[in-house]
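**Q** Please see the structure below; I have some questions.
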Amino acid sequence: MSVTVITATISFSYTFAAIFDKVEQLTTRVAQSIGDKEGNAMIDMYAVSDDEKDTVLFLLQDAARNLFKGFGKLTFGITDAITISDTLVSLKIKNNGSQNTNTPNEIDGLIELALINYILAAWFAKKILGEQSNYYYMEYIKNVKDITDKTFRLRIPA
Amino acid sequence: MIVFYYSIPDLVKRITEEGIRFIRRAKDQDGNSLLNILSVGDEDDSYVKKLLKEVSAQDIFSILEPYTSGLADLDTPLEGYEWDVTYDTTANCVVFRMIETETMPAAIVTPMESAIENALVNKTVSQFFVRNGWDGSLHNQLFEINKENLIGYINRRSGLKRTYKFY
């Protein structure tokens, strides 16, 4: 994750490689706790591996589209405010200079969490693990609420 | 003569902030935040100015209009209401003028100035919410209070005399 604040804009950027690494770790942790009839951890079944990179990329792009649409009016007048590619997702919003200087960093961390939680919720849903999917989806919803709350200050003119 | 003038960009900023603070926690029936939909953003700038000009400012001018008689007869004829003009050194102003009487208490001008500004802001916020499918009644009530206050301030002027007859 990274955030860059310049005079006119605040840019948030998330590389696929970094997000994939975290998703891989988290799904492995969850999979370690799920055993088959013999009690063997079902890592191969539920953990994301390099074989599933295409699926995770698709989910990341879906997550970014869902999450970034909530910034709508803050992107007005910015060319290419949203970038969704095979290597990264990024968002540029207007910097009106009225926010707490720590706010962009807080939003940056929350966006990364939201992207990861969205991917995990969708991944576990595809693996028919409803409980895990619901948990991460609720986390995602909480992240979205927190992000929206943090963007409140960014919308007020300086 | 009293002149009330307000920078339109500054009014838009206040309208933006008042609206955003009010709908900060507004949600739809599914629990989704309405902040992005109901907040005034840069893309709403021209529409907010249109509401300000064609609804709010007209309402205020309709209150002050009876006290503009005589402005046109001055050595340099003046308008009671002007939109988007430079006044003094301030560009992009909305200007209201009214005839001042000799007995008018000078101190009443400040609350009048505030009442007009608050009325312009509250009416525009109310109209913006209504046109975006949200309840604007609270800000409309605030506008009505501002309007009543303004009328009260005008009527408080001792020795007020109209320069025309009703008949």
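Starting from 1 in every chain, residues are counted up; chains themselves are A, B, ... following the order of the structure tokens, and ligands are numbered from 1 as listed.
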Could you produce a table of the residues of chain B lying within 8 Å of chain A, with the nearest pair of atoms per residue and their separation in Å rounded to one decimal, using only C-alpha atoms, ordered by chain and increasing residue number, as a Markdown table?
**A**
```
| residue | atom | partner | partner_atom | distance |
| --- | --- | --- | --- | --- |
| B:Lys13 | CA | A:Pro157 | CA | 5.9 |
| B:Thr16 | CA | A:Ile156 | CA | 6.7 |
| B:Glu17 | CA | A:Ile156 | CA | 5.4 |
| B:Ile20 | CA | A:Ile156 | CA | 7.2 |
| B:Arg24 | CA | A:Phe152 | CA | 6.8 |
| B:Arg25 | CA | A:Asp149 | CA | 8.0 |
| B:Ser33 | CA | A:Thr148 | CA | 7.3 |
| B:Leu35 | CA | A:Thr148 | CA | 7.5 |
| B:Asn36 | CA | A:Gly70 | CA | 6.2 |
| B:Ser39 | CA | A:Arg155 | CA | 7.8 |
| B:Gly41 | CA | A:Lys73 | CA | 5.5 |
| B:Asp42 | CA | A:Phe76 | CA | 6.4 |
| B:Glu43 | CA | A:Phe76 | CA | 6.2 |
```
**Q** So which residues touch Asn105 in chain A within 12 Å, counting only C-alpha atoms, skipping near sequence neighbours fewer than 2 positions away, as a list in words?
**A** Met1, Ser2, Val3, Thr4, Val5, Ile10, Ser11, Phe12, Ser13, Gln99, Asn100, Thr101, Asn102, Thr103, Ile107, Asp108, Gly109, Leu110, Ile111, Glu112, Ile147, Lys150 and Thr151 of chain A
**Q** Near Met98 in chain B, within 6 Å and counting only C-alpha atoms, which residues show up once chain neighbours fewer than 2 positions away are dropped, as a list in words?
**A**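 These residues fall inside the cut-off: Met1, Ile2, Tyr67 and Thr68 of chain B.
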**Q** Write out as an NGL selection string the set of residues from range 94-166 of chain B that DSSP, computed on the backbone, places in helix (DSSP H, G or I).
**A** :B and (106-131 or 137-156)
**Q** Please save C-alpha atoms of the selected residues as a short mmCIF file (atom, residue, chain, number, x, y, z; two decimals), in the first residue's frame.
**A**
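The resulting file, out.cif, is shown below:
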```cif
data_model
loop_
_atom_site.label_atom_id
_atom_site.label_comp_id
_atom_site.auth_asym_id
_atom_site.auth_seq_id
_atom_site.Cartn_x
_atom_site.Cartn_y
_atom_site.Cartn_z
CA ALA B 106 -27.03 50.90 12.96
CA ALA B 107 -26.48 47.83 15.13
CA ILE B 108 -29.31 45.93 13.43
CA VAL B 109 -27.32 45.66 10.21
CA THR B 110 -25.05 42.92 11.58
CA PRO B 111 -27.85 40.50 12.58
CA MET B 112 -29.57 41.30 9.28
CA GLU B 113 -26.40 40.39 7.42
CA SER B 114 -26.16 37.08 9.29
CA ALA B 115 -29.85 36.30 8.85
CA ILE B 116 -29.59 36.79 5.08
CA GLU B 117 -26.48 34.62 4.81
CA ASN B 118 -27.99 31.87 6.97
CA ALA B 119 -31.22 32.01 4.99
CA LEU B 120 -29.33 31.69 1.69
CA VAL B 121 -27.38 28.71 3.02
CA ASN B 122 -30.27 26.88 4.68
CA LYS B 123 -32.65 27.33 1.76
CA THR B 124 -30.07 26.05 -0.72
CA VAL B 125 -29.14 23.04 1.45
CA SER B 126 -32.83 22.22 1.82
CA GLN B 127 -33.44 22.47 -1.92
CA PHE B 128 -30.36 20.39 -2.72
CA PHE B 129 -31.51 17.59 -0.40
CA VAL B 130 -35.07 17.61 -1.73
CA ARG B 131 -33.87 17.42 -5.32
CA SER B 137 -37.50 19.91 5.88
CA LEU B 138 -35.15 20.68 8.77
CA HIS B 139 -33.12 23.16 6.75
CA ASN B 140 -36.31 24.61 5.34
CA GLN B 141 -37.50 25.19 8.90
CA LEU B 142 -34.20 26.89 9.68
CA PHE B 143 -34.68 29.02 6.59
CA GLU B 144 -38.17 30.02 7.80
CA ILE B 145 -36.67 31.05 11.14
CA ASN B 146 -33.97 33.09 9.38
CA LYS B 147 -36.66 34.70 7.24
CA GLU B 148 -38.83 35.56 10.25
CA ASN B 149 -35.79 37.00 12.00
CA LEU B 150 -34.95 39.11 8.97
CA ILE B 151 -38.49 40.46 8.74
CA GLY B 152 -38.38 41.13 12.48
CA TYR B 153 -35.12 43.05 12.16
CA ILE B 154 -36.51 45.14 9.33
CA ASN B 155 -39.68 45.93 11.27
CA ARG B 156 -37.73 46.72 14.40
#
```
**Q** Could you check how far CA of Asn95 in chain A sits from CA of Thr79 in chain A, in Å to one decimal?
**A**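 Computing the Euclidean distance for CA of Asn95 in chain A and CA of Thr79 in chain A yields 14.2 Å.
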**Q** Would you return as a list in words the members of range 20-118 of chain A that DSSP assigns to strand (DSSP E) on this structure's backbone?
**A**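 Of range 20-118 of chain A, the ones in strand (DSSP E) are Ile82, Thr83, Ile84, Leu88, Val89, Ser90, Leu91, Lys92, Ile93 and Lys94 of chain A.
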**Q** Please dump the current selection as a PDB file, in the first residue's frame; keep C-alpha atoms.
**A**
```pdb
ATOM      1  CA  ILE A  82      -9.095   5.112 -11.023  1.00  0.00           C
ATOM      2  CA  THR A  83      -6.574   2.674 -12.459  1.00  0.00           C
ATOM      3  CA  ILE A  84      -7.281  -1.044 -12.468  1.00  0.00           C
ATOM      4  CA  LEU A  88      -1.986  -2.626  -9.424  1.00  0.00           C
ATOM      5  CA  VAL A  89      -5.132  -0.795  -8.468  1.00  0.00           C
ATOM      6  CA  SER A  90      -4.941   2.897  -7.657  1.00  0.00           C
ATOM      7  CA  LEU A  91      -7.148   5.822  -6.852  1.00  0.00           C
ATOM      8  CA  LYS A  92      -6.567   9.562  -7.052  1.00  0.00           C
ATOM      9  CA  ILE A  93      -8.816  11.992  -5.210  1.00  0.00           C
ATOM     10  CA  LYS A  94      -8.848  15.738  -4.853  1.00  0.00           C
TER      11      LYS A  94
END
```
**Q** Leaving out range 125-128 of chain A and any residue of its chain fewer than 2 positions from it, which residues lie within 12 Å of it when counting only C-alpha atoms, given as a PyMOL selection string?
**A** chain A and resi 27+31+42+44-48+55-56+59+118-123+130-137
**Q** Counting only C-alpha atoms, figure out which residue out of B:Ile99, B:Val85, B:Val48, B:Val94 gets nearest to Pro66 in chain B.
**A** B:Ile99
